[in-house]
Each structure stands twice: as structure tokens, then as C-alpha cells.
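Step one of this worksheet: look at the structure below.
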Amino acid sequence: MASPLLDVRAIDAFYGDFQALFGVSLRVNAGEVVAVIGANGAGKSTLLKTIAGLMHPRGGDVLFGGEAIGNAAAFDVVRHGIALVPEGRRLFPSLTVEENLLIGGQSRRPGPWTLQRIYDLFPILAERRHLPSTSLSGGQQQMAAIGRALMSNPRLLLCDEISLGLAPIIVREIYARLPKIVAEGLSLIIVEQDIAQALKASAQVYCLQEGRIALQGAARELTRESISAAYFGV
Amino acid sequence: MSQIASKVEHSTRSSRIGIVLILATLAVLALAPFWGDRQTLRLLAEMYAFVALASLWNLLAGYAGLVSVGQQAFVGFGGYLLFWLVIVAGVHPLVAILIAGPVAAIIAVPVAALTFRLRGAYFAIGTWVVAEVFRLLASQISVLGGGSGISLPAAMVISMAPTRQAREFEIYWLALALTVIVLAAIVALLRSRHGLALTAIRDNELAAQSNGIGVMRIKLIIYVLVAFGTSMVGALIFLQKLRISPDTAFSVNDWTAFVIFITVIGGIGRIEGPIIGTIIFFAMRQTLSDLGSLYLLIMGAVAIVVMLWAPKGLWGLIAERYGWQALPLQRRLVLTPKENAGRKP
Amino acid sequence: MTEWLNVILQGVLIGGLYAMFAAGLSLIFGVMRLVNIAHGDLIVLAAYVALMVTQTLGLDPLTSLLLVVPAMALIGYALQRLLLNRTLGDDLLPPLLVTFGLSIIIQNGLLELFTADSRKLQAGAIEVQTFQMMEGVWVGALPLIQFIVAVAVIAGLQMLFYRTALGRAFRATSDDQAVAQLMGLDTRHVFAMAMALSLAVVAIAGVFLAVRANFDPSIGPARLIFGFEAVIIGGLGSMWGTLAGGVILGVSQAVGAQIDPGWQLLAGHLAFLAILAVRPQGLFPKVSG
């Protein structure tokens, strides 16, 4: 089997003295969608932040395309081809919608994603391109945040709680666009509380529980019982 | 978890040893007129003034988070008020020192009303503007010599004490007493309910606010109290100098740069810091002052190095390493097995 | 009547200089919430750099800007990368105290190198050239150039902030440092660029200061205060506001000096305190959104 695109090897992550991840391992192959599920505080966001370079593992390492990036700074990780859609969108409020997208392309990696392609994917953004990003609705902000991440032409896109605080119909609309993104050859890690949505969108599932991988497997092979056991730790 | 009872203790073993040492040191210092020469007395009195000023600034910046670079406003105000009271109103110098405190506290209220509108670092520069305004106003007071300043008339100096030696002793003991009072007041304040609130504010202003602590009110109280003390110390400093001018009274170098240096080197946010810092500052001054401006340059560099690589100052390093504290301030949670601490209030 | 017109005009023109003091200060506060206490001393440093350049190369002061501006920008970049970036964080004290220490170092370093003697940059014939605006109202060529340069500097900064990739990076980093990093922005570099830009403006201000009047190593803190007052009068975060703030400060000082020479500085401070009392957000605060 070919070596995976992303290879997270037994990482330990800490907030000060508090350990948030215990020897977590995870692999993502090229073109694959992986879901990471788990209860609040299980360490899902910590895992994404560590992969994205916002935090650095104290033990273990992160390999991307065979290169160790565990100690790389976030701005450097983007240049390697990993982009994070942060929890809560976090668009830049001082920037217009289009400026938010343009700054996503700051790292100038070559690839298929251009301003025009983003507007094709989310036409509503083209209509609002010159408005301040604060004027967008929650769903539109999420689209802009995904677009902003895509502008760096990543090989791996990390999505942190895309559905958070959005109406189900909006969530479905956004998830409906994900296959178009994967079709461009991207790999995805989706962190979700909405398990059903995550399982539908992904091939592989990892379930985190109190900082440890409690369960992993192919999405269609996992039973509802095994997932809820891993999720709730019962 | 439920098998442990806890109580909050102020004192540690080192702090009990500390108190004995402090009392012994105080006794030695109080007797200095009988063992030291005039030079020593002058130097010690000057050191006491800096300990007091730095402790007050430490309370303001290190505990209340009000980083002022304009405390020279109150040093100079105290000095000028003393000279005005003595020369124009004929008040006895000692009484004038006592008056300087409350008057400065009253002045501090409108000053705070203006400068508190500025946040963080802008507050710092705002206080500096106020000090400049004070300096410019002082140079307009023609009875006190305007821009060139004035000396205390000999007759008034003699009225303090019949001989020069008696006057010098008097000022020395006054400086020691005032510093001890300022330090004791700060310790008492920090051990009070307000002190606890201050620590909470320092650790997390937002959390303190949401816990119903009137952050602004406490900051205002501290600002006014610090002005009270700073002004009295200022009055005493210029009584000792016997001469005042706008530039010396409102000097940002003397009353703010040096004071900040002392506090940072010694350890900001710690009561012992200013004392250690003053000793280091005077040791440096005695050995390096021949270098002139180069000496100030070194001082600035040392302050930067300490701020970046030892932000808790020298005392912070010592306290962390050995768990020392000279004054019983830190609250320690003492955990004891429940059966040994059965009685409950 | 024309006497007062002259006074106010002088005030307006010097206000341009104050606006340049303020713009550099406002810029770095906007990007990284840093208040640089050494700002005034850096202005004076720029004046001395210009002095050395004009003396050793025989350039006139305005031409010397071609060397002084990049030199100061370089100093700014290095200062931020090597020193000031270490001070940034949640705590207010480190940046404040480190720049305060820096201020003392620059002042005493200049004193050591150049003594306390007053210096001045000689600009030649242009210094005495004046135009008559109307009957009895005269304008010096140099103050006019200085004011026009100030307007150009502020217009340029405004454009850079809202029309260029660097400006976008400044605004994004100011909004959210962590996410800015996720965009591939090295915030340490962004901050250093902001400081370089600030000191480029400082360089221009320093040269005009040095041409206009005598300077010595001790005058920095007062320039910091003027810049700061202009920022607060104009309203935090607004570039054109700093110009208005500088002009108001300049006019207040000129009017004060006209009443009584001892009142020049006091009148400026009082104008600042009055605005702080009635309109603490400044006259032209940045409209959010």
C-alpha cells in the first residue's frame, strides 16, 4: 500500500500541564475523506490545531507527504498544503468577503482554486463580494471560510465543526458541495458533532474519547452500537 | 477528594523568619544616626524614598494594572505644595507633609476621571501628559520662582530644628517612618478584602468583573491612595533637598524611569521587589555613575533584559527557587486529612 | 485680524508634522496594539541619521530622505524582529517597559555620540522663501512643503492599508493573529513590516523636524506626547483623524503661544484634555463595519 498523505503518529498534545491528546494516530490517504467524531472536549479540535501547526505535539510526530511537520509553524504548514477551516468560521471582520478570499490565497500555491472557481462553487459569495464579511449570514460565512481555505490550494482540507450553529437545510447545502471539492483531488478531515452527517460524507471514521482514539474503521462497517459505545464511553 | 479539609494560611515558615529579620533590620536602621555619618544618612534617606515610591508604583502597576509613567506629577505636586505651604502660608514643614497627602488624593480624582478614559498603554502616556501639565503650571507660579524654582528660606529651615544635625536626624527618621508606614499600609491593603479582589483583577480582569468585583472602583481607590502616598514622599524628598524647580520636581527620569527600573529589577507584583530593586539600583549608581549617560544606557538595557528573560525580577527568581517570602502575603491553601481537622466553623 | 490668520495658518502647517508623528504611532497600535514609548526618540534618532548623511555626503536634507527613510525602515524591521516581537502577548507591561527602556537607551546613546548640543539641518535658500497668500498673510515654503508631504504620507498610508496585499495582511493580523497564520502569514514578519513602515514615516517626520528647528537628544519624549495627543484627538484607528488631530494640536499651541509664550505647550495639552473630557473616542473615530 502506498504511504498515506497524512500520517499522524502517536501524538501527545498539551495545554500547559493539561494533556489533551494521548498517543493519537491517524492516517489520511490521497483523495480520502476522514471523519473525526467525539463528544465535547474529546480532543477533536486539538487534533486539527496540531495538524495545522497552531499547536505542536510534545510526543509523536505529524508526517505530511512523508515530511515531518510536527514542529512547523502554522504559516509554514499552509505552504506545505494543509488548510484549516476553523471552528466558528473566524472570518476577518475588517476585510470584505473578497478580501477574505484573497488573503486565503496569500501563500500562492499553484492549483485549481481561483477566485472565480470559489464563486462558481458558492455563487452567493460573488453577489456579496464587496460587502464586509460581517454582513454575511452564518451559512454564508461558513461558505466564505471554506472558500478562503481552498484559495491556498491545499492537498488536505481540515474542517472543524462546519455544521455548528447552522440550520439543517444550510448544513445539507454545504455538505452537498464537498464532493465537488474532493473531485479536485483533495483529502478532507471532517470534525463533526453531527455524526450522521459525518458518516454519510466520509469513508473512514475515527472516534475520539478523552484524548484517545476509542474506535476507528470504515464508515459503512461501523455499527451504531459500536459508535455510541465509543462516543459516550459506555 | 472529600477526605481533605482545607484552610487558607498567610504565613509560611520563611515568612516567620522574615518578620524577625525585618524587625531586627528596622532596629539597626532606626539607630543609624548613632552609627552612620552624614553621607550614609543622606544616602539611606534617599533609598527609603525610592523604596516608598517604587512600592507605590508597584501597587499601581503590578497589582492594579494601572501602568502609569506620570507619577512624577504627584511627586512634584507634593514638593510644590510643601514649598507653597511653608513659604506663602507659613505652615510648619512637618504639617505641610501631612497636608500634601490628602490634597493630592483630592486632585487625583479628577485626574483619574480623565486618564481612566484611556486604555492600557495609552493610559500610561495620558498620565505623562498630566505630569507635563503640572510641570508647566508649576513654572507659572511666580511666588515659587517660576521656571527656575526656589530654595527654602533659611529661617524656615531653622524653624524645623535648632541645629543642622538635629534637622538631618529628624528628616532621616521621618523618611524611615514614612517608608515603613507606606509599606505597612500596602501590606495591610493587600491582605484585606480589597487585596484579594486586586489579585483577582490582576489574574483575570474579565473574570473578576463577572464575579461582581467593581474593577473600576477598586482601581480608582488604588490610584487615589497611591497619589496620597506619592505626594507625601515627594514633599519629604524636596524638604530634604531644600530646593525645588519644575524640572527636578516633575522629572520623568528621576521619579518614573528610576522607579520603574527599581521595580522591574526587583520583581514587579511582589512586595519585596522594590526593596531588592532599590538596593541594586543604588549599588549600580554608586559604582557606575562616573560613566555619565553610558550608565543610564546600561540601566535601560538591564531593564529590557530582565523584563524579557526574568519578568518576575530578581526576587521572583529567588522566591521561585527557594519558596521564600519575606512578608506573609501569599495565601497558601493548606490541605490536611479530614480526621485531623474535624471541627468546622 | 491678519495677525491671527497668520498664527492659525502656522498652527495648521505645523499640525502636518504632528500628524506624521501620530501616523507612525497609530499604525503600529492598529496592527499589533503596541504603544511605542520610544517613538519620539526614534524621531530624534532619524534627525541625527539625517544630520550624518547630510554632513558626510553633502546632500541637502530633502534629498537625504532617500537614504534616511530606508535606513530607519531597516532599523524598524530589525527592532521588531529581534526585540519587540518577544514582548507581544496578553500582558501590557512587557511592551510598555521594553520600549521605555529603549527610549532611555536611544536618548543616552545619542547624548554619548553627539553631546547635548543643539543641532539643526540646513536646507539653504528654501528656508527663507515665503509666499504671500493674501494681504498680510505669509506662508513659508518649507512649512508648506512639510504640510503637503504630511497629507501625501497619510493618503499613502490610507491607500496602502485598504488597497494593497500588505495592507490586507495588516488588517487581517490585527483582527485575528491565529487565523492570519493559517492564511500563511508569518505574523512576526507582518509586525516587522508594520514597524518598518512606521519608522519610514518617522524618518520623514524626523528630517522635517530637524530642518524646522533646533534639536538635541532630549526632545524625543515631547514629540511622543504630541503624536499621542494627535492620535487621541483624531480618534483611534483613523488615519485622516490623525491629520485633523495634528492640526488641532498645532493650532492650539500657536494660539496659546500668541497669548503668552509660556502657554504654547500648555494650550496644546489643555486642548487634548478638553477633548478627552468631552469626547474620549476622539473627533473622528473609526466607524466599524
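Every chain in the C-alpha cells takes a letter, A first, then B, and so on in the order presented; its residues are numbered from 1, and the ligands are numbered from 1 following the presented order.
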
*May I ask you to extract the residues of chain B within 10 Å of chain C, using only C-alpha atoms, and to give them as a PyMOL selection string?*
chain B and resi 61-62+65-67+69+111+113-115+117-118+120-122+124-126+128-130+132-137+139-140+147+252-253+257+260-261+264+268+292-309+311

_I need the strand (DSSP E) residues of range 48-209 of chain A per DSSP on the backbone, written as a ChimeraX atom specification._
/A:59-64,67-68,82-85,156-160,187-192,204-209

Please produce a file of the residues just selected, as a compact mmCIF listing (two decimals), in the first residue's frame, where the atoms kept are N, CA, C and O atoms.
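The file below, selection.txt, is the result:
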```
# COMPACT_ATOMS: atom_id res chain seq x y z
N GLY A 59 4.85 14.80 22.08
CA GLY A 59 5.37 13.47 21.75
C GLY A 59 4.79 13.05 20.41
O GLY A 59 3.76 13.56 19.99
N GLY A 60 5.47 12.14 19.69
CA GLY A 60 4.99 11.69 18.40
C GLY A 60 5.30 12.71 17.32
O GLY A 60 6.00 13.69 17.56
N ASP A 61 4.79 12.46 16.12
CA ASP A 61 5.07 13.41 15.04
C ASP A 61 3.94 13.39 14.02
O ASP A 61 3.12 12.48 13.99
N VAL A 62 3.94 14.43 13.19
CA VAL A 62 2.97 14.52 12.11
C VAL A 62 3.76 14.50 10.81
O VAL A 62 4.64 15.33 10.61
N LEU A 63 3.45 13.51 9.94
CA LEU A 63 4.10 13.46 8.64
C LEU A 63 3.11 13.82 7.55
O LEU A 63 1.98 13.33 7.55
N PHE A 64 3.53 14.68 6.64
CA PHE A 64 2.66 15.08 5.54
C PHE A 64 3.44 14.92 4.25
O PHE A 64 4.49 15.54 4.08
N GLU A 67 6.94 14.13 4.92
CA GLU A 67 7.79 15.13 5.57
C GLU A 67 7.28 15.41 6.98
O GLU A 67 6.07 15.55 7.18
N ALA A 68 8.18 15.48 7.96
CA ALA A 68 7.76 15.75 9.34
C ALA A 68 7.41 17.23 9.48
O ALA A 68 8.22 18.10 9.18
N ILE A 82 -1.71 22.26 3.71
CA ILE A 82 -2.79 21.90 4.63
C ILE A 82 -3.53 23.19 4.98
O ILE A 82 -2.91 24.18 5.35
N ALA A 83 -4.85 23.19 4.83
CA ALA A 83 -5.62 24.38 5.19
C ALA A 83 -6.69 24.01 6.21
O ALA A 83 -7.27 22.92 6.14
N LEU A 84 -6.92 24.89 7.16
CA LEU A 84 -7.90 24.64 8.22
C LEU A 84 -9.06 25.62 8.08
O LEU A 84 -8.86 26.82 7.93
N VAL A 85 -10.27 25.06 8.14
CA VAL A 85 -11.46 25.90 8.27
C VAL A 85 -11.76 25.92 9.76
O VAL A 85 -12.23 24.93 10.31
N LEU A 156 -4.80 18.94 1.57
CA LEU A 156 -5.62 18.41 2.67
C LEU A 156 -6.38 19.57 3.29
O LEU A 156 -5.79 20.59 3.65
N LEU A 157 -7.69 19.39 3.39
CA LEU A 157 -8.54 20.43 3.98
C LEU A 157 -9.07 19.92 5.33
O LEU A 157 -9.62 18.82 5.39
N LEU A 158 -8.87 20.70 6.37
CA LEU A 158 -9.35 20.33 7.70
C LEU A 158 -10.59 21.17 8.01
O LEU A 158 -10.51 22.39 7.97
N CYS A 159 -11.72 20.52 8.29
CA CYS A 159 -12.96 21.26 8.54
C CYS A 159 -13.40 21.04 9.98
O CYS A 159 -13.71 19.91 10.37
N ASP A 160 -13.40 22.12 10.76
CA ASP A 160 -13.74 21.99 12.18
C ASP A 160 -15.18 22.43 12.42
O ASP A 160 -15.48 23.62 12.33
N SER A 187 -7.91 15.79 -0.11
CA SER A 187 -8.32 14.93 1.00
C SER A 187 -8.98 15.82 2.04
O SER A 187 -8.66 17.01 2.12
N LEU A 188 -9.88 15.23 2.83
CA LEU A 188 -10.59 16.02 3.84
C LEU A 188 -10.54 15.34 5.20
O LEU A 188 -10.63 14.12 5.29
N ILE A 189 -10.39 16.12 6.23
CA ILE A 189 -10.71 15.62 7.57
C ILE A 189 -11.88 16.45 8.06
O ILE A 189 -11.80 17.69 8.08
N ILE A 190 -12.96 15.78 8.42
CA ILE A 190 -14.14 16.49 8.90
C ILE A 190 -14.32 16.19 10.38
O ILE A 190 -14.44 15.03 10.78
N VAL A 191 -14.28 17.22 11.18
CA VAL A 191 -14.59 17.05 12.60
C VAL A 191 -16.03 17.47 12.79
O VAL A 191 -16.43 18.55 12.35
N GLU A 192 -16.82 16.61 13.37
CA GLU A 192 -18.25 16.89 13.48
C GLU A 192 -18.85 16.39 14.78
O GLU A 192 -18.44 15.38 15.32
N GLN A 204 -13.63 6.87 6.08
CA GLN A 204 -13.03 6.36 7.31
C GLN A 204 -13.52 7.19 8.50
O GLN A 204 -13.71 8.40 8.36
N VAL A 205 -13.69 6.56 9.64
CA VAL A 205 -14.14 7.27 10.82
C VAL A 205 -13.19 6.98 11.99
O VAL A 205 -12.79 5.83 12.19
N TYR A 206 -12.82 8.05 12.71
CA TYR A 206 -12.09 7.88 13.97
C TYR A 206 -12.96 8.49 15.05
O TYR A 206 -13.51 9.57 14.88
N CYS A 207 -13.08 7.77 16.17
CA CYS A 207 -13.84 8.34 17.27
C CYS A 207 -12.89 8.62 18.43
O CYS A 207 -12.17 7.73 18.88
N LEU A 208 -12.88 9.88 18.87
CA LEU A 208 -12.02 10.28 19.98
C LEU A 208 -12.82 10.27 21.28
O LEU A 208 -13.98 10.68 21.31
N GLN A 209 -12.16 9.80 22.33
CA GLN A 209 -12.79 9.84 23.63
C GLN A 209 -11.74 10.19 24.66
O GLN A 209 -10.74 9.49 24.81
```

*What residues in chain C lie within 6 Å of chain A, counting only C-alpha atoms, written as a list of chain:residue names?*
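Applying the cut-off to the listed atoms yields C:Ala172, C:Asp175, C:Gln181, C:Leu182, C:Met183, C:Gly184, C:Leu185, C:Asp186.
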
Just write the chosen residues, all heavy atoms, as an mmCIF file, in the first residue's frame.
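Saved the output as part-v5.cif:
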```
data_model
loop_
_atom_site.group_PDB
_atom_site.id
_atom_site.type_symbol
_atom_site.label_atom_id
_atom_site.label_comp_id
_atom_site.auth_asym_id
_atom_site.auth_seq_id
_atom_site.Cartn_x
_atom_site.Cartn_y
_atom_site.Cartn_z
ATOM 1 N N ALA C 172 -5.824 41.902 8.562
ATOM 2 C CA ALA C 172 -6.161 40.536 8.968
ATOM 3 C C ALA C 172 -5.426 40.168 10.257
ATOM 4 O O ALA C 172 -6.018 39.603 11.182
ATOM 5 C CB ALA C 172 -5.801 39.560 7.860
ATOM 6 N N ASP C 175 -6.984 41.759 13.167
ATOM 7 C CA ASP C 175 -8.260 41.120 13.529
ATOM 8 C C ASP C 175 -8.054 39.839 14.322
ATOM 9 O O ASP C 175 -8.702 39.620 15.338
ATOM 10 C CB ASP C 175 -9.044 40.746 12.261
ATOM 11 C CG ASP C 175 -9.799 41.925 11.688
ATOM 12 O OD1 ASP C 175 -9.876 42.953 12.358
ATOM 13 O OD2 ASP C 175 -10.320 41.801 10.560
ATOM 14 N N GLN C 181 -2.222 33.417 10.680
ATOM 15 C CA GLN C 181 -1.160 32.420 10.476
ATOM 16 C C GLN C 181 -1.648 31.291 9.573
ATOM 17 O O GLN C 181 -0.902 30.771 8.754
ATOM 18 C CB GLN C 181 -0.743 31.816 11.818
ATOM 19 C CG GLN C 181 -0.074 32.808 12.717
ATOM 20 C CD GLN C 181 1.222 32.247 13.276
ATOM 21 O OE1 GLN C 181 1.772 31.296 12.749
ATOM 22 N NE2 GLN C 181 1.703 32.853 14.325
ATOM 23 N N LEU C 182 -2.924 30.915 9.771
ATOM 24 C CA LEU C 182 -3.484 29.840 8.957
ATOM 25 C C LEU C 182 -3.546 30.234 7.480
ATOM 26 O O LEU C 182 -3.690 29.391 6.609
ATOM 27 C CB LEU C 182 -4.897 29.480 9.439
ATOM 28 C CG LEU C 182 -4.981 28.778 10.796
ATOM 29 C CD1 LEU C 182 -6.425 28.591 11.196
ATOM 30 C CD2 LEU C 182 -4.276 27.433 10.739
ATOM 31 N N MET C 183 -3.502 31.540 7.218
ATOM 32 C CA MET C 183 -3.508 32.015 5.829
ATOM 33 C C MET C 183 -2.099 32.033 5.251
ATOM 34 O O MET C 183 -1.872 32.545 4.158
ATOM 35 C CB MET C 183 -4.084 33.434 5.751
ATOM 36 C CG MET C 183 -5.477 33.592 6.295
ATOM 37 S SD MET C 183 -6.654 32.595 5.377
ATOM 38 C CE MET C 183 -7.192 31.472 6.655
ATOM 39 N N GLY C 184 -1.130 31.534 6.023
ATOM 40 C CA GLY C 184 0.244 31.531 5.539
ATOM 41 C C GLY C 184 0.979 32.816 5.857
ATOM 42 O O GLY C 184 2.054 33.061 5.326
ATOM 43 N N LEU C 185 0.380 33.659 6.706
ATOM 44 C CA LEU C 185 1.064 34.902 7.083
ATOM 45 C C LEU C 185 1.940 34.644 8.306
ATOM 46 O O LEU C 185 1.449 34.181 9.329
ATOM 47 C CB LEU C 185 0.041 35.988 7.431
ATOM 48 C CG LEU C 185 -0.819 36.532 6.300
ATOM 49 C CD1 LEU C 185 -1.909 37.425 6.853
ATOM 50 C CD2 LEU C 185 0.049 37.304 5.324
ATOM 51 N N ASP C 186 3.217 34.959 8.169
ATOM 52 C CA ASP C 186 4.108 34.883 9.322
ATOM 53 C C ASP C 186 3.917 36.192 10.085
ATOM 54 O O ASP C 186 4.402 37.239 9.666
ATOM 55 C CB ASP C 186 5.552 34.734 8.823
ATOM 56 C CG ASP C 186 6.541 34.642 9.972
ATOM 57 O OD1 ASP C 186 6.118 34.834 11.139
ATOM 58 O OD2 ASP C 186 7.722 34.384 9.710
#
```
